[in-house]
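Report on the following structure.
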Amino acid sequence: MDKQFSACGVITVTTDTANKGSFVATIKGVILTRFIEAKIVDLTHDAVVQWPAEAGFWLSRAYCYFPAGTVHLCVVDPGARLEPHALVAVFDGHAFLGPDNGVLAPIVASGASTYRIDLNLLDRIGLKFTGGTFHGRDLYAPIAAALACGACKPQDLGAPTSDVTPSWVDDPVVSAGEVQGTVITVDNFGNLITNIDGTLLAGLTQPVVHAGGHEIPFKTTYSDASPGEYLALVNSFGVLEVARSEMSADQGLGIGRGSPITVRNLKSASSRNTTSNSVVNQP
């Protein structure tokens, strides 16, 4: 059961604009015009274009570091559709606002109360939406401001719905002695961040990661590996990550977003493919 949403005035903004042009600035301008005291935080503007799975991952992993009552505005690949394309979801005392394209799927799957925004109800928050192509500025930003200042509640914006577009990436599959998942994003260091939660590895006594034709050992920290060595660890966001000490794992392994990752027990892993340090250091 989610906590009731009570606005605290904080708004996070997630887009796929890479901070090019004035897109992000005008979204913030609309918010401040309607709610001058808003505290706006950039979550990320580097989400991959036309792949909402990455933005949805960051939302689901980062929201808990903000105070309850935060509004999380996510405008990633909103497309040209409007109603019934816009959603607001409430989970753990937070409100999540974005298009129905899979970006809110991880939050919805966690048990959020979800509402499909009805454009005919927007008069109550003083919004006259007339269309156009910049929905982040003209539709989502005014709604985010209204939610954040307490001018409306999520349930005021539309009817409850459970018919929501699922994530573009399948959930990890757990079986006896094995966990299969997917690379969700690649960070600025070339580390491969997956959708495999660290808790899913609890049943593996000696886990090794299979990725890009290599078997990669688990370490506790990055410094436990020598320069050039691959390593796997549970990162600061609680998910499996594959890295390469002082180098780029994605370039070395030749894999990236959407690539499969498998974790198996060492005792059940094929020793024919086990990577020695001399092989690990090769790209």
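In the structure tokens, chains take letters A, B, ... by order of appearance, with residues numbered from 1 within each chain and ligands from 1 in the order shown.
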
Please identify all polymer residues within 8 Å of A:Ala55, counting only C-alpha atoms, omitting same-chain residues fewer than 5 positions from it, and present them as a ChimeraX atom specification.
-> /A:14-15,47-48,74,76,103

Export, as an mmCIF file, in the first residue's frame, the selected residues with C-alpha atoms.
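Dumped everything to selection-v5.cif:
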```cif
data_model
loop_
_atom_site.group_PDB
_atom_site.id
_atom_site.type_symbol
_atom_site.label_atom_id
_atom_site.label_comp_id
_atom_site.auth_asym_id
_atom_site.auth_seq_id
_atom_site.Cartn_x
_atom_site.Cartn_y
_atom_site.Cartn_z
ATOM 1 C CA THR A 14 14.102 13.864 -16.140
ATOM 2 C CA THR A 15 14.386 14.290 -19.911
ATOM 3 C CA ALA A 47 18.326 9.455 -20.750
ATOM 4 C CA VAL A 48 18.631 7.599 -24.040
ATOM 5 C CA CYS A 74 9.734 12.531 -16.579
ATOM 6 C CA VAL A 76 11.266 10.929 -22.212
ATOM 7 C CA VAL A 103 8.797 4.947 -18.391
#
```

Residues at most 12 Å from A:Lys128, counting only C-alpha atoms, excluding those fewer than 6 positions away in the same chain, as an MDAnalysis selection string?
-> chainID A and resid 119:122 138:139 142:143

Deliver the residues from the most recent selection as a file, using all heavy atoms, as a PDB file, in the first residue's frame.
```
ATOM      1  N   LEU A 119      -7.674  15.254 -20.002  1.00  0.00           N
ATOM      2  CA  LEU A 119      -7.464  16.651 -20.387  1.00  0.00           C
ATOM      3  C   LEU A 119      -8.670  17.526 -20.092  1.00  0.00           C
ATOM      4  O   LEU A 119      -8.544  18.745 -19.901  1.00  0.00           O
ATOM      5  CB  LEU A 119      -7.099  16.739 -21.861  1.00  0.00           C
ATOM      6  CG  LEU A 119      -5.827  16.018 -22.306  1.00  0.00           C
ATOM      7  CD1 LEU A 119      -5.562  16.280 -23.781  1.00  0.00           C
ATOM      8  CD2 LEU A 119      -4.636  16.436 -21.473  1.00  0.00           C
ATOM      9  N   ASN A 120      -9.846  16.911 -20.031  1.00  0.00           N
ATOM     10  CA  ASN A 120     -11.062  17.680 -19.765  1.00  0.00           C
ATOM     11  C   ASN A 120     -11.162  18.140 -18.315  1.00  0.00           C
ATOM     12  O   ASN A 120     -12.004  18.990 -18.002  1.00  0.00           O
ATOM     13  CB  ASN A 120     -12.300  16.853 -20.115  1.00  0.00           C
ATOM     14  CG  ASN A 120     -12.380  16.526 -21.599  1.00  0.00           C
ATOM     15  OD1 ASN A 120     -12.137  17.393 -22.437  1.00  0.00           O
ATOM     16  ND2 ASN A 120     -12.692  15.287 -21.921  1.00  0.00           N
ATOM     17  N   LEU A 121     -10.307  17.596 -17.444  1.00  0.00           N
ATOM     18  CA  LEU A 121     -10.351  17.974 -16.034  1.00  0.00           C
ATOM     19  C   LEU A 121      -9.303  19.026 -15.680  1.00  0.00           C
ATOM     20  O   LEU A 121      -9.232  19.450 -14.526  1.00  0.00           O
ATOM     21  CB  LEU A 121     -10.120  16.725 -15.158  1.00  0.00           C
ATOM     22  CG  LEU A 121     -11.144  15.605 -15.290  1.00  0.00           C
ATOM     23  CD1 LEU A 121     -10.754  14.430 -14.380  1.00  0.00           C
ATOM     24  CD2 LEU A 121     -12.545  16.098 -14.937  1.00  0.00           C
ATOM     25  N   LEU A 122      -8.509  19.456 -16.639  1.00  0.00           N
ATOM     26  CA  LEU A 122      -7.396  20.335 -16.327  1.00  0.00           C
ATOM     27  C   LEU A 122      -7.801  21.774 -16.031  1.00  0.00           C
ATOM     28  O   LEU A 122      -7.010  22.553 -15.501  1.00  0.00           O
ATOM     29  CB  LEU A 122      -6.374  20.304 -17.463  1.00  0.00           C
ATOM     30  CG  LEU A 122      -5.708  18.939 -17.701  1.00  0.00           C
ATOM     31  CD1 LEU A 122      -4.672  19.053 -18.806  1.00  0.00           C
ATOM     32  CD2 LEU A 122      -5.080  18.400 -16.430  1.00  0.00           C
ATOM     33  N   ASP A 138       4.263  22.318 -22.167  1.00  0.00           N
ATOM     34  CA  ASP A 138       2.899  22.816 -22.253  1.00  0.00           C
ATOM     35  C   ASP A 138       1.877  21.976 -21.511  1.00  0.00           C
ATOM     36  O   ASP A 138       0.765  22.450 -21.235  1.00  0.00           O
ATOM     37  CB  ASP A 138       2.488  22.932 -23.723  1.00  0.00           C
ATOM     38  CG  ASP A 138       3.404  23.866 -24.500  1.00  0.00           C
ATOM     39  OD1 ASP A 138       3.962  24.800 -23.878  1.00  0.00           O
ATOM     40  OD2 ASP A 138       3.579  23.666 -25.722  1.00  0.00           O
ATOM     41  N   LEU A 139       2.208  20.730 -21.191  1.00  0.00           N
ATOM     42  CA  LEU A 139       1.265  19.858 -20.492  1.00  0.00           C
ATOM     43  C   LEU A 139       1.822  19.372 -19.163  1.00  0.00           C
ATOM     44  O   LEU A 139       1.242  19.621 -18.099  1.00  0.00           O
ATOM     45  CB  LEU A 139       0.907  18.652 -21.368  1.00  0.00           C
ATOM     46  CG  LEU A 139      -0.023  17.617 -20.712  1.00  0.00           C
ATOM     47  CD1 LEU A 139      -1.409  18.221 -20.492  1.00  0.00           C
ATOM     48  CD2 LEU A 139      -0.114  16.351 -21.553  1.00  0.00           C
ATOM     49  N   PRO A 142       3.062  22.289 -16.288  1.00  0.00           N
ATOM     50  CA  PRO A 142       2.002  22.907 -15.486  1.00  0.00           C
ATOM     51  C   PRO A 142       1.362  21.937 -14.488  1.00  0.00           C
ATOM     52  O   PRO A 142       1.041  22.329 -13.365  1.00  0.00           O
ATOM     53  CB  PRO A 142       0.984  23.357 -16.537  1.00  0.00           C
ATOM     54  CG  PRO A 142       1.772  23.520 -17.788  1.00  0.00           C
ATOM     55  CD  PRO A 142       2.819  22.444 -17.734  1.00  0.00           C
ATOM     56  N   ILE A 143       1.198  20.686 -14.892  1.00  0.00           N
ATOM     57  CA  ILE A 143       0.616  19.707 -13.977  1.00  0.00           C
ATOM     58  C   ILE A 143       1.566  19.451 -12.811  1.00  0.00           C
ATOM     59  O   ILE A 143       1.150  19.365 -11.653  1.00  0.00           O
ATOM     60  CB  ILE A 143       0.289  18.395 -14.720  1.00  0.00           C
ATOM     61  CG1 ILE A 143      -0.813  18.623 -15.749  1.00  0.00           C
ATOM     62  CG2 ILE A 143      -0.129  17.312 -13.734  1.00  0.00           C
ATOM     63  CD1 ILE A 143      -1.098  17.413 -16.619  1.00  0.00           C
TER      64      ILE A 143
END
```

Tell me, as an mmCIF file with N, CA, C and O atoms, in the first residue's frame, which residues lie within 12 Å of A:Pro166, counting only C-alpha atoms; anything in the same chain fewer than 6 positions away does not count.
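That gives us out.cif:
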```
data_model
loop_
_atom_site.group_PDB
_atom_site.id
_atom_site.type_symbol
_atom_site.label_atom_id
_atom_site.label_comp_id
_atom_site.auth_asym_id
_atom_site.auth_seq_id
_atom_site.Cartn_x
_atom_site.Cartn_y
_atom_site.Cartn_z
ATOM 1 N N PRO A 52 12.610 4.432 -23.151
ATOM 2 C CA PRO A 52 12.163 4.850 -21.825
ATOM 3 C C PRO A 52 12.636 3.949 -20.692
ATOM 4 O O PRO A 52 12.582 4.350 -19.526
ATOM 5 N N ALA A 53 13.098 2.751 -21.009
ATOM 6 C CA ALA A 53 13.511 1.817 -19.959
ATOM 7 C C ALA A 53 14.594 2.400 -19.064
ATOM 8 O O ALA A 53 14.601 2.188 -17.847
ATOM 9 N N GLY A 56 13.143 5.107 -16.755
ATOM 10 C CA GLY A 56 12.324 4.445 -15.745
ATOM 11 C C GLY A 56 13.166 3.782 -14.671
ATOM 12 O O GLY A 56 12.815 3.793 -13.482
ATOM 13 N N PRO A 99 4.562 10.165 -19.618
ATOM 14 C CA PRO A 99 3.766 9.510 -20.654
ATOM 15 C C PRO A 99 3.615 8.017 -20.390
ATOM 16 O O PRO A 99 4.445 7.396 -19.725
ATOM 17 N N ASP A 100 2.558 7.458 -20.947
ATOM 18 C CA ASP A 100 2.313 6.017 -20.822
ATOM 19 C C ASP A 100 3.059 5.291 -21.935
ATOM 20 O O ASP A 100 2.474 4.781 -22.886
ATOM 21 N N ASN A 101 4.379 5.238 -21.790
ATOM 22 C CA ASN A 101 5.208 4.574 -22.807
ATOM 23 C C ASN A 101 6.182 3.576 -22.184
ATOM 24 O O ASN A 101 7.152 3.171 -22.806
ATOM 25 N N GLY A 102 5.924 3.205 -20.924
ATOM 26 C CA GLY A 102 6.794 2.271 -20.222
ATOM 27 C C GLY A 102 7.728 2.931 -19.238
ATOM 28 O O GLY A 102 8.341 2.247 -18.415
ATOM 29 N N VAL A 103 7.844 4.268 -19.265
ATOM 30 C CA VAL A 103 8.797 4.947 -18.391
ATOM 31 C C VAL A 103 8.393 4.829 -16.913
ATOM 32 O O VAL A 103 9.247 4.799 -16.035
ATOM 33 N N LEU A 104 7.102 4.748 -16.639
ATOM 34 C CA LEU A 104 6.643 4.614 -15.260
ATOM 35 C C LEU A 104 6.387 3.158 -14.869
ATOM 36 O O LEU A 104 5.951 2.890 -13.749
ATOM 37 N N ALA A 105 6.674 2.240 -15.769
ATOM 38 C CA ALA A 105 6.364 0.822 -15.520
ATOM 39 C C ALA A 105 7.000 0.273 -14.249
ATOM 40 O O ALA A 105 6.330 -0.447 -13.498
ATOM 41 N N PRO A 106 8.282 0.547 -13.942
ATOM 42 C CA PRO A 106 8.845 0.004 -12.702
ATOM 43 C C PRO A 106 8.129 0.502 -11.447
ATOM 44 O O PRO A 106 7.956 -0.258 -10.481
ATOM 45 N N ILE A 107 7.702 1.763 -11.454
ATOM 46 C CA ILE A 107 6.977 2.309 -10.316
ATOM 47 C C ILE A 107 5.591 1.688 -10.224
ATOM 48 O O ILE A 107 5.136 1.283 -9.144
ATOM 49 N N VAL A 108 4.908 1.584 -11.351
ATOM 50 C CA VAL A 108 3.581 0.981 -11.371
ATOM 51 C C VAL A 108 3.642 -0.472 -10.903
ATOM 52 O O VAL A 108 2.800 -0.936 -10.125
ATOM 53 N N ALA A 109 4.668 -1.195 -11.363
ATOM 54 C CA ALA A 109 4.814 -2.602 -10.981
ATOM 55 C C ALA A 109 5.079 -2.773 -9.495
ATOM 56 O O ALA A 109 4.839 -3.856 -8.934
#
```

Close residues, stretch 249-263 of chain A itself excluded, 8 Å, only C-alpha atoms, min 5 positions apart in chain, as an mmCIF file with N, CA, C and O atoms, in the first residue's frame:
```cif
data_model
loop_
_atom_site.group_PDB
_atom_site.id
_atom_site.type_symbol
_atom_site.label_atom_id
_atom_site.label_comp_id
_atom_site.auth_asym_id
_atom_site.auth_seq_id
_atom_site.Cartn_x
_atom_site.Cartn_y
_atom_site.Cartn_z
ATOM 1 N N VAL A 169 11.792 -3.638 -21.208
ATOM 2 C CA VAL A 169 12.779 -4.655 -20.835
ATOM 3 C C VAL A 169 12.130 -5.633 -19.880
ATOM 4 O O VAL A 169 11.472 -5.246 -18.912
ATOM 5 N N GLU A 178 20.817 -19.708 -11.158
ATOM 6 C CA GLU A 178 21.036 -18.782 -12.264
ATOM 7 C C GLU A 178 20.083 -17.598 -12.184
ATOM 8 O O GLU A 178 18.926 -17.730 -11.797
ATOM 9 N N VAL A 179 20.591 -16.419 -12.556
ATOM 10 C CA VAL A 179 19.766 -15.217 -12.697
ATOM 11 C C VAL A 179 20.088 -14.584 -14.046
ATOM 12 O O VAL A 179 21.259 -14.370 -14.375
ATOM 13 N N GLN A 180 19.047 -14.296 -14.839
ATOM 14 C CA GLN A 180 19.232 -13.677 -16.141
ATOM 15 C C GLN A 180 18.628 -12.277 -16.126
ATOM 16 O O GLN A 180 17.506 -12.088 -15.667
ATOM 17 N N GLY A 181 19.377 -11.302 -16.621
ATOM 18 C CA GLY A 181 18.891 -9.930 -16.658
ATOM 19 C C GLY A 181 19.397 -9.201 -17.890
ATOM 20 O O GLY A 181 19.863 -9.816 -18.859
ATOM 21 N N THR A 182 19.337 -7.876 -17.837
ATOM 22 C CA THR A 182 19.625 -7.046 -19.002
ATOM 23 C C THR A 182 20.419 -5.812 -18.581
ATOM 24 O O THR A 182 20.200 -5.267 -17.494
ATOM 25 N N VAL A 183 21.320 -5.383 -19.444
ATOM 26 C CA VAL A 183 22.003 -4.106 -19.234
ATOM 27 C C VAL A 183 21.012 -2.982 -19.509
ATOM 28 O O VAL A 183 20.453 -2.887 -20.605
ATOM 29 N N ILE A 184 20.770 -2.144 -18.510
ATOM 30 C CA ILE A 184 19.816 -1.044 -18.632
ATOM 31 C C ILE A 184 20.495 0.230 -19.106
ATOM 32 O O ILE A 184 19.963 0.988 -19.912
ATOM 33 N N THR A 185 21.697 0.489 -18.609
ATOM 34 C CA THR A 185 22.375 1.727 -18.964
ATOM 35 C C THR A 185 23.886 1.558 -18.856
ATOM 36 O O THR A 185 24.374 0.604 -18.224
ATOM 37 N N VAL A 186 24.604 2.461 -19.478
ATOM 38 C CA VAL A 186 26.060 2.506 -19.410
ATOM 39 C C VAL A 186 26.432 3.880 -18.870
ATOM 40 O O VAL A 186 26.026 4.904 -19.434
ATOM 41 N N GLY A 190 31.830 3.855 -18.571
ATOM 42 C CA GLY A 190 31.740 2.636 -19.355
ATOM 43 C C GLY A 190 31.308 1.433 -18.554
ATOM 44 O O GLY A 190 31.394 0.295 -19.028
ATOM 45 N N ASN A 191 30.819 1.650 -17.322
ATOM 46 C CA ASN A 191 30.316 0.554 -16.500
ATOM 47 C C ASN A 191 28.929 0.137 -16.979
ATOM 48 O O ASN A 191 28.091 0.979 -17.307
ATOM 49 N N LEU A 192 28.691 -1.158 -17.006
ATOM 50 C CA LEU A 192 27.427 -1.720 -17.468
ATOM 51 C C LEU A 192 26.510 -1.938 -16.260
ATOM 52 O O LEU A 192 26.778 -2.791 -15.414
ATOM 53 N N THR A 194 22.953 -3.075 -14.728
ATOM 54 C CA THR A 194 21.894 -4.004 -15.114
ATOM 55 C C THR A 194 20.630 -3.789 -14.294
ATOM 56 O O THR A 194 20.606 -3.015 -13.341
ATOM 57 N N PRO A 207 28.858 -16.587 -7.083
ATOM 58 C CA PRO A 207 28.365 -16.095 -8.374
ATOM 59 C C PRO A 207 29.470 -15.598 -9.289
ATOM 60 O O PRO A 207 30.452 -15.000 -8.842
ATOM 61 N N VAL A 208 29.316 -15.886 -10.561
ATOM 62 C CA VAL A 208 30.157 -15.293 -11.610
ATOM 63 C C VAL A 208 29.219 -14.766 -12.691
ATOM 64 O O VAL A 208 28.133 -15.302 -12.909
ATOM 65 N N VAL A 209 29.641 -13.712 -13.357
ATOM 66 C CA VAL A 209 28.818 -13.079 -14.379
ATOM 67 C C VAL A 209 29.277 -13.525 -15.760
ATOM 68 O O VAL A 209 30.480 -13.537 -16.051
ATOM 69 N N HIS A 210 28.314 -13.876 -16.605
ATOM 70 C CA HIS A 210 28.585 -14.201 -18.001
ATOM 71 C C HIS A 210 28.130 -13.019 -18.851
ATOM 72 O O HIS A 210 26.947 -12.681 -18.892
ATOM 73 N N ALA A 211 29.090 -12.379 -19.514
ATOM 74 C CA ALA A 211 28.777 -11.207 -20.331
ATOM 75 C C ALA A 211 29.798 -11.072 -21.445
ATOM 76 O O ALA A 211 31.002 -11.166 -21.200
ATOM 77 N N GLY A 212 29.342 -10.885 -22.661
ATOM 78 C CA GLY A 212 30.232 -10.674 -23.787
ATOM 79 C C GLY A 212 31.231 -11.789 -23.999
ATOM 80 O O GLY A 212 32.358 -11.551 -24.448
ATOM 81 N N GLY A 213 30.849 -13.036 -23.689
ATOM 82 C CA GLY A 213 31.734 -14.175 -23.892
ATOM 83 C C GLY A 213 32.752 -14.371 -22.791
ATOM 84 O O GLY A 213 33.646 -15.213 -22.921
ATOM 85 N N TYR A 230 38.277 -7.067 -15.530
ATOM 86 C CA TYR A 230 36.831 -6.941 -15.369
ATOM 87 C C TYR A 230 36.443 -7.381 -13.966
ATOM 88 O O TYR A 230 37.091 -8.237 -13.366
ATOM 89 N N VAL A 242 28.743 -4.392 -14.080
ATOM 90 C CA VAL A 242 29.971 -4.972 -14.621
ATOM 91 C C VAL A 242 30.900 -3.818 -14.988
ATOM 92 O O VAL A 242 30.508 -2.899 -15.721
ATOM 93 N N ALA A 243 32.109 -3.855 -14.466
ATOM 94 C CA ALA A 243 33.057 -2.760 -14.671
ATOM 95 C C ALA A 243 34.393 -3.320 -15.144
ATOM 96 O O ALA A 243 34.622 -4.529 -15.155
ATOM 97 N N ARG A 244 35.285 -2.412 -15.526
ATOM 98 C CA ARG A 244 36.648 -2.772 -15.892
ATOM 99 C C ARG A 244 37.576 -1.752 -15.244
ATOM 100 O O ARG A 244 37.454 -0.550 -15.501
ATOM 101 N N GLN A 282 42.232 -8.449 -22.129
ATOM 102 C CA GLN A 282 42.112 -8.214 -23.565
ATOM 103 C C GLN A 282 40.747 -7.618 -23.855
ATOM 104 O O GLN A 282 39.752 -8.008 -23.252
ATOM 105 N N PRO A 283 40.647 -6.673 -24.780
ATOM 106 C CA PRO A 283 39.358 -6.088 -25.117
ATOM 107 C C PRO A 283 38.493 -7.095 -25.868
ATOM 108 O O PRO A 283 38.990 -8.062 -26.415
#
```

Point out the residue among A:His214, A:Glu54, A:Asp118, A:Leu201 with the least atom-to-atom distance to A:Leu233, counting only C-alpha atoms.
-> A:Leu201

List every residue of stretch 41-208 of chain A that DSSP, applied to the backbone of this structure, places in helix (DSSP H, G or I), and write the result as JSON, numbers by chain.
-> {"A": [52, 53, 54, 55, 56, 57, 58, 59, 60, 61, 62, 63, 64, 65, 105, 106, 107, 108, 109, 119, 120, 121, 122, 123, 124, 125, 135, 136, 137, 138, 139, 140, 141, 142, 143, 144, 145, 146, 147, 148, 154, 155, 156, 198, 199, 200, 201]}

I need the residues from that last selection saved to file as an mmCIF file, in the first residue's frame (with C-alpha atoms), if you can.
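Here's the written file again31.cif:
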```
data_model
loop_
_atom_site.group_PDB
_atom_site.id
_atom_site.type_symbol
_atom_site.label_atom_id
_atom_site.label_comp_id
_atom_site.auth_asym_id
_atom_site.auth_seq_id
_atom_site.Cartn_x
_atom_site.Cartn_y
_atom_site.Cartn_z
ATOM 1 C CA PRO A 52 12.163 4.850 -21.825
ATOM 2 C CA ALA A 53 13.511 1.817 -19.959
ATOM 3 C CA GLU A 54 16.628 3.692 -18.854
ATOM 4 C CA ALA A 55 14.779 6.733 -17.531
ATOM 5 C CA GLY A 56 12.324 4.445 -15.745
ATOM 6 C CA PHE A 57 15.206 2.625 -14.111
ATOM 7 C CA TRP A 58 16.761 5.836 -12.786
ATOM 8 C CA LEU A 59 13.410 7.047 -11.477
ATOM 9 C CA SER A 60 12.774 3.816 -9.618
ATOM 10 C CA ARG A 61 16.269 3.777 -8.103
ATOM 11 C CA ALA A 62 16.669 7.460 -7.271
ATOM 12 C CA TYR A 63 13.281 8.670 -6.038
ATOM 13 C CA CYS A 64 13.816 7.323 -2.504
ATOM 14 C CA TYR A 65 16.639 9.805 -1.912
ATOM 15 C CA ALA A 105 6.364 0.822 -15.520
ATOM 16 C CA PRO A 106 8.845 0.004 -12.702
ATOM 17 C CA ILE A 107 6.977 2.309 -10.316
ATOM 18 C CA VAL A 108 3.581 0.981 -11.371
ATOM 19 C CA ALA A 109 4.814 -2.602 -10.981
ATOM 20 C CA LEU A 119 -7.464 16.651 -20.387
ATOM 21 C CA ASN A 120 -11.062 17.680 -19.765
ATOM 22 C CA LEU A 121 -10.351 17.974 -16.034
ATOM 23 C CA LEU A 122 -7.396 20.335 -16.327
ATOM 24 C CA ASP A 123 -9.506 23.484 -16.041
ATOM 25 C CA ARG A 124 -9.536 22.981 -12.287
ATOM 26 C CA ILE A 125 -5.792 23.722 -12.147
ATOM 27 C CA HIS A 135 4.274 18.427 -24.179
ATOM 28 C CA GLY A 136 6.964 18.633 -21.519
ATOM 29 C CA ARG A 137 6.573 22.420 -21.362
ATOM 30 C CA ASP A 138 2.899 22.816 -22.253
ATOM 31 C CA LEU A 139 1.265 19.858 -20.492
ATOM 32 C CA TYR A 140 3.488 18.068 -17.994
ATOM 33 C CA ALA A 141 5.241 21.096 -16.462
ATOM 34 C CA PRO A 142 2.002 22.907 -15.486
ATOM 35 C CA ILE A 143 0.616 19.707 -13.977
ATOM 36 C CA ALA A 144 3.848 19.123 -12.048
ATOM 37 C CA ALA A 145 3.656 22.653 -10.642
ATOM 38 C CA ALA A 146 0.027 22.185 -9.608
ATOM 39 C CA LEU A 147 0.823 18.921 -7.843
ATOM 40 C CA ALA A 148 3.916 20.326 -6.129
ATOM 41 C CA PRO A 154 -3.149 13.071 -8.346
ATOM 42 C CA GLN A 155 -6.650 11.599 -8.088
ATOM 43 C CA ASP A 156 -8.103 14.931 -9.271
ATOM 44 C CA GLY A 198 21.418 -7.468 -5.636
ATOM 45 C CA THR A 199 18.838 -9.299 -3.530
ATOM 46 C CA LEU A 200 18.222 -11.704 -6.428
ATOM 47 C CA LEU A 201 21.760 -13.038 -6.044
#
```
